[in-house]
Amino acid sequence: MLKPIASCVTIALALLAGTAMAQSDEAESLDLLIYGATGKIGSLVVTEALDRGHRVTAVSRDPSQIELVHENLTAARGDLLDDNSIASLSIGRDVIIVSVRGVIGEKSPENALQRIAVERIINVLREMPGNAPRLIHVGGAGTLEVEPGVLYADKLPRLFIPKNLELEIDGQVLALEYLRTVLDVEWSYATPAKNFTNRERTGDYRIGGNQLVEDRRGRSRISRADFAAALIDEAESGAHANEQFSVAY
């Protein structure tokens, strides 16, 4: 008789443990707002987040371009030039991930969408009651130091770079400079290696600080898929609050 009773107790404990684990997993699920969700990086970030059981609101100027269907995915129209739009989408989120590019209006680094987005989102989060979401901004490799006090952006051959790309590079530098003045909102500036690859996701990468990370052969690379994994790792851990970090092989 003791054996069946023990078996019943074992089963009951297993069921309780399973319930507790499910509740724990549910508690750890994040509510993410992702700008640039149809881009090469943003689309992979959306997939990575959903694969891990997080809830995602994918933002695009044209939500019809978001073709992925998932029970935890909501497609939304958003405008980073409209504070009301940012505020309405940000309510109740845990983390906002921004991966956008472009130049708005007059051709100057100040008008790079990357810089504008950072400042507008920070200003909105400052006005939110209670706990505001954390911001993870996808930066540019041009902001990384190649030697003390010298940025990779300073070493680029400007004559061979398209004008809009040059403005975006400089706009990313301005975005980081601005974020470094922000002390009252939690942010992270995630910086990829110099070169993106199409390598499949491995989950194996190195994290650096504000200096360019290279491998033994002097290459600075990361796949878009592994960079997306690093972004969701940061969303889950919050390991680099109010600082820049870089991702490379």
# chains A, B, ... in the order shown; residues from 1 in each chain; ligands from 1

call {"tool": "select_by_dssp", "arguments": {"residues": "region 158-191 of chain A", "states": "helix (DSSP H, G or I)", "output": "count of residues only"}}
result
20

call {"tool": "select_by_dssp", "arguments": {"residues": "region 67-219 of chain A", "states": "strand (DSSP E or B)", "output": "PyMOL selection string"}}
result
chain A and resi 73-77+95-98+103+112+134-138+145-147+150-151+187-192+195-197+206-208+211

call {"tool": "atom_distance", "arguments": {"atom1": "CA of Ile96 (chain A)", "atom2": "CA of Gln211 (chain A)"}}
result
24.5 Å

call {"tool": "residues_around", "arguments": {"residues": "Gly53 (chain A)", "least_positions_apart": "2", "cutoff": "12 Å", "atoms": "only C-alpha atoms", "output": "PyMOL selection string"}}
result
chain A and resi 22+25-32+46-51+55-56+70-73+232+236

call {"tool": "write_last_selection", "arguments": {"atoms": "N, CA and C atoms", "output": "compact mmCIF listing (two decimals), in the first residue's frame"}}
result
# COMPACT_ATOMS: atom_id res chain seq x y z
N ALA A 22 5.68 26.64 -14.64
CA ALA A 22 4.88 27.36 -15.64
C ALA A 22 4.60 28.77 -15.17
N ASP A 25 7.79 30.74 -15.49
CA ASP A 25 8.05 31.12 -16.87
C ASP A 25 7.16 32.27 -17.28
N GLU A 26 5.89 32.20 -16.84
CA GLU A 26 4.95 33.25 -17.19
C GLU A 26 5.36 34.57 -16.56
N ALA A 27 5.82 34.50 -15.30
CA ALA A 27 6.24 35.70 -14.60
C ALA A 27 7.44 36.35 -15.27
N GLU A 28 8.30 35.52 -15.88
CA GLU A 28 9.51 36.04 -16.50
C GLU A 28 9.28 36.54 -17.93
N SER A 29 8.10 36.29 -18.46
CA SER A 29 7.81 36.75 -19.80
C SER A 29 7.75 38.27 -19.83
N LEU A 30 8.38 38.86 -20.85
CA LEU A 30 8.43 40.30 -20.97
C LEU A 30 7.44 40.80 -22.01
N ASP A 31 7.04 42.05 -21.84
CA ASP A 31 6.20 42.72 -22.82
C ASP A 31 7.09 43.70 -23.57
N LEU A 32 7.40 43.39 -24.82
CA LEU A 32 8.38 44.15 -25.59
C LEU A 32 7.71 44.99 -26.68
N VAL A 46 12.17 40.32 -33.37
CA VAL A 46 10.78 39.89 -33.13
C VAL A 46 10.72 38.37 -33.02
N THR A 47 11.32 37.67 -33.97
CA THR A 47 11.30 36.21 -33.97
C THR A 47 11.99 35.64 -32.74
N GLU A 48 13.14 36.20 -32.40
CA GLU A 48 13.90 35.73 -31.22
C GLU A 48 13.06 35.89 -29.95
N ALA A 49 12.42 37.03 -29.82
CA ALA A 49 11.61 37.28 -28.63
C ALA A 49 10.42 36.33 -28.54
N LEU A 50 9.76 36.10 -29.64
CA LEU A 50 8.60 35.19 -29.65
C LEU A 50 9.04 33.76 -29.35
N ASP A 51 10.17 33.37 -29.89
CA ASP A 51 10.68 32.01 -29.65
C ASP A 51 10.95 31.78 -28.17
N ARG A 55 6.02 38.53 -25.08
CA ARG A 55 4.94 39.19 -25.81
C ARG A 55 5.53 40.37 -26.58
N VAL A 56 5.16 40.50 -27.83
CA VAL A 56 5.79 41.49 -28.70
C VAL A 56 4.74 42.36 -29.39
N HIS A 70 1.46 35.14 -34.88
CA HIS A 70 1.81 34.44 -33.65
C HIS A 70 0.87 34.92 -32.56
N GLU A 71 0.51 34.04 -31.64
CA GLU A 71 -0.44 34.40 -30.60
C GLU A 71 0.08 35.49 -29.67
N ASN A 72 1.40 35.62 -29.57
CA ASN A 72 1.99 36.64 -28.70
C ASN A 72 2.44 37.89 -29.45
N LEU A 73 2.04 37.98 -30.72
CA LEU A 73 2.48 39.10 -31.55
C LEU A 73 1.33 40.02 -31.92
N ILE A 232 17.93 40.38 -27.10
CA ILE A 232 16.93 39.80 -26.21
C ILE A 232 17.58 39.33 -24.91
N GLU A 236 16.30 40.64 -21.26
CA GLU A 236 16.00 39.75 -20.14
C GLU A 236 16.85 40.05 -18.91

call {"tool": "closest_residue", "arguments": {"among": "A:Lys40, A:His54, A:Arg101, A:Arg126", "to": "Asp83 (chain A)", "atoms": "only C-alpha atoms"}}
result
A:Arg126

call {"tool": "closest_residue", "arguments": {"among": "A:Asn131, A:Gln114, A:Ser108, A:Ser90", "to": "Glu166 (chain A)", "atoms": "only C-alpha atoms"}}
result
A:Ser108

call {"tool": "closest_residue", "arguments": {"among": "A:Glu145, A:Arg158, A:Val138, A:Lys163", "to": "Glu234 (chain A)", "atoms": "only C-alpha atoms"}}
result
A:Val138

call {"tool": "atom_distance", "arguments": {"atom1": "CA of Val150 (chain A)", "atom2": "CA of His240 (chain A)"}}
result
22.4 Å

call {"tool": "atom_distance", "arguments": {"atom1": "CA of Trp187 (chain A)", "atom2": "CA of Leu144 (chain A)"}}
result
17.4 Å

call {"tool": "closest_residue", "arguments": {"among": "A:Leu125, A:Glu147, A:Val98, A:Ser188", "to": "Ser237 (chain A)", "atoms": "only C-alpha atoms"}}
result
A:Ser188

call {"tool": "residues_around", "arguments": {"residues": "region 177-184 of chain A", "least_positions_apart": "4", "cutoff": "10 Å", "atoms": "only C-alpha atoms", "output": "NGL selection string"}}
result
:A and (115 or 118-119 or 122 or 125-126 or 137 or 143 or 171-173 or 188-189 or 242-244)
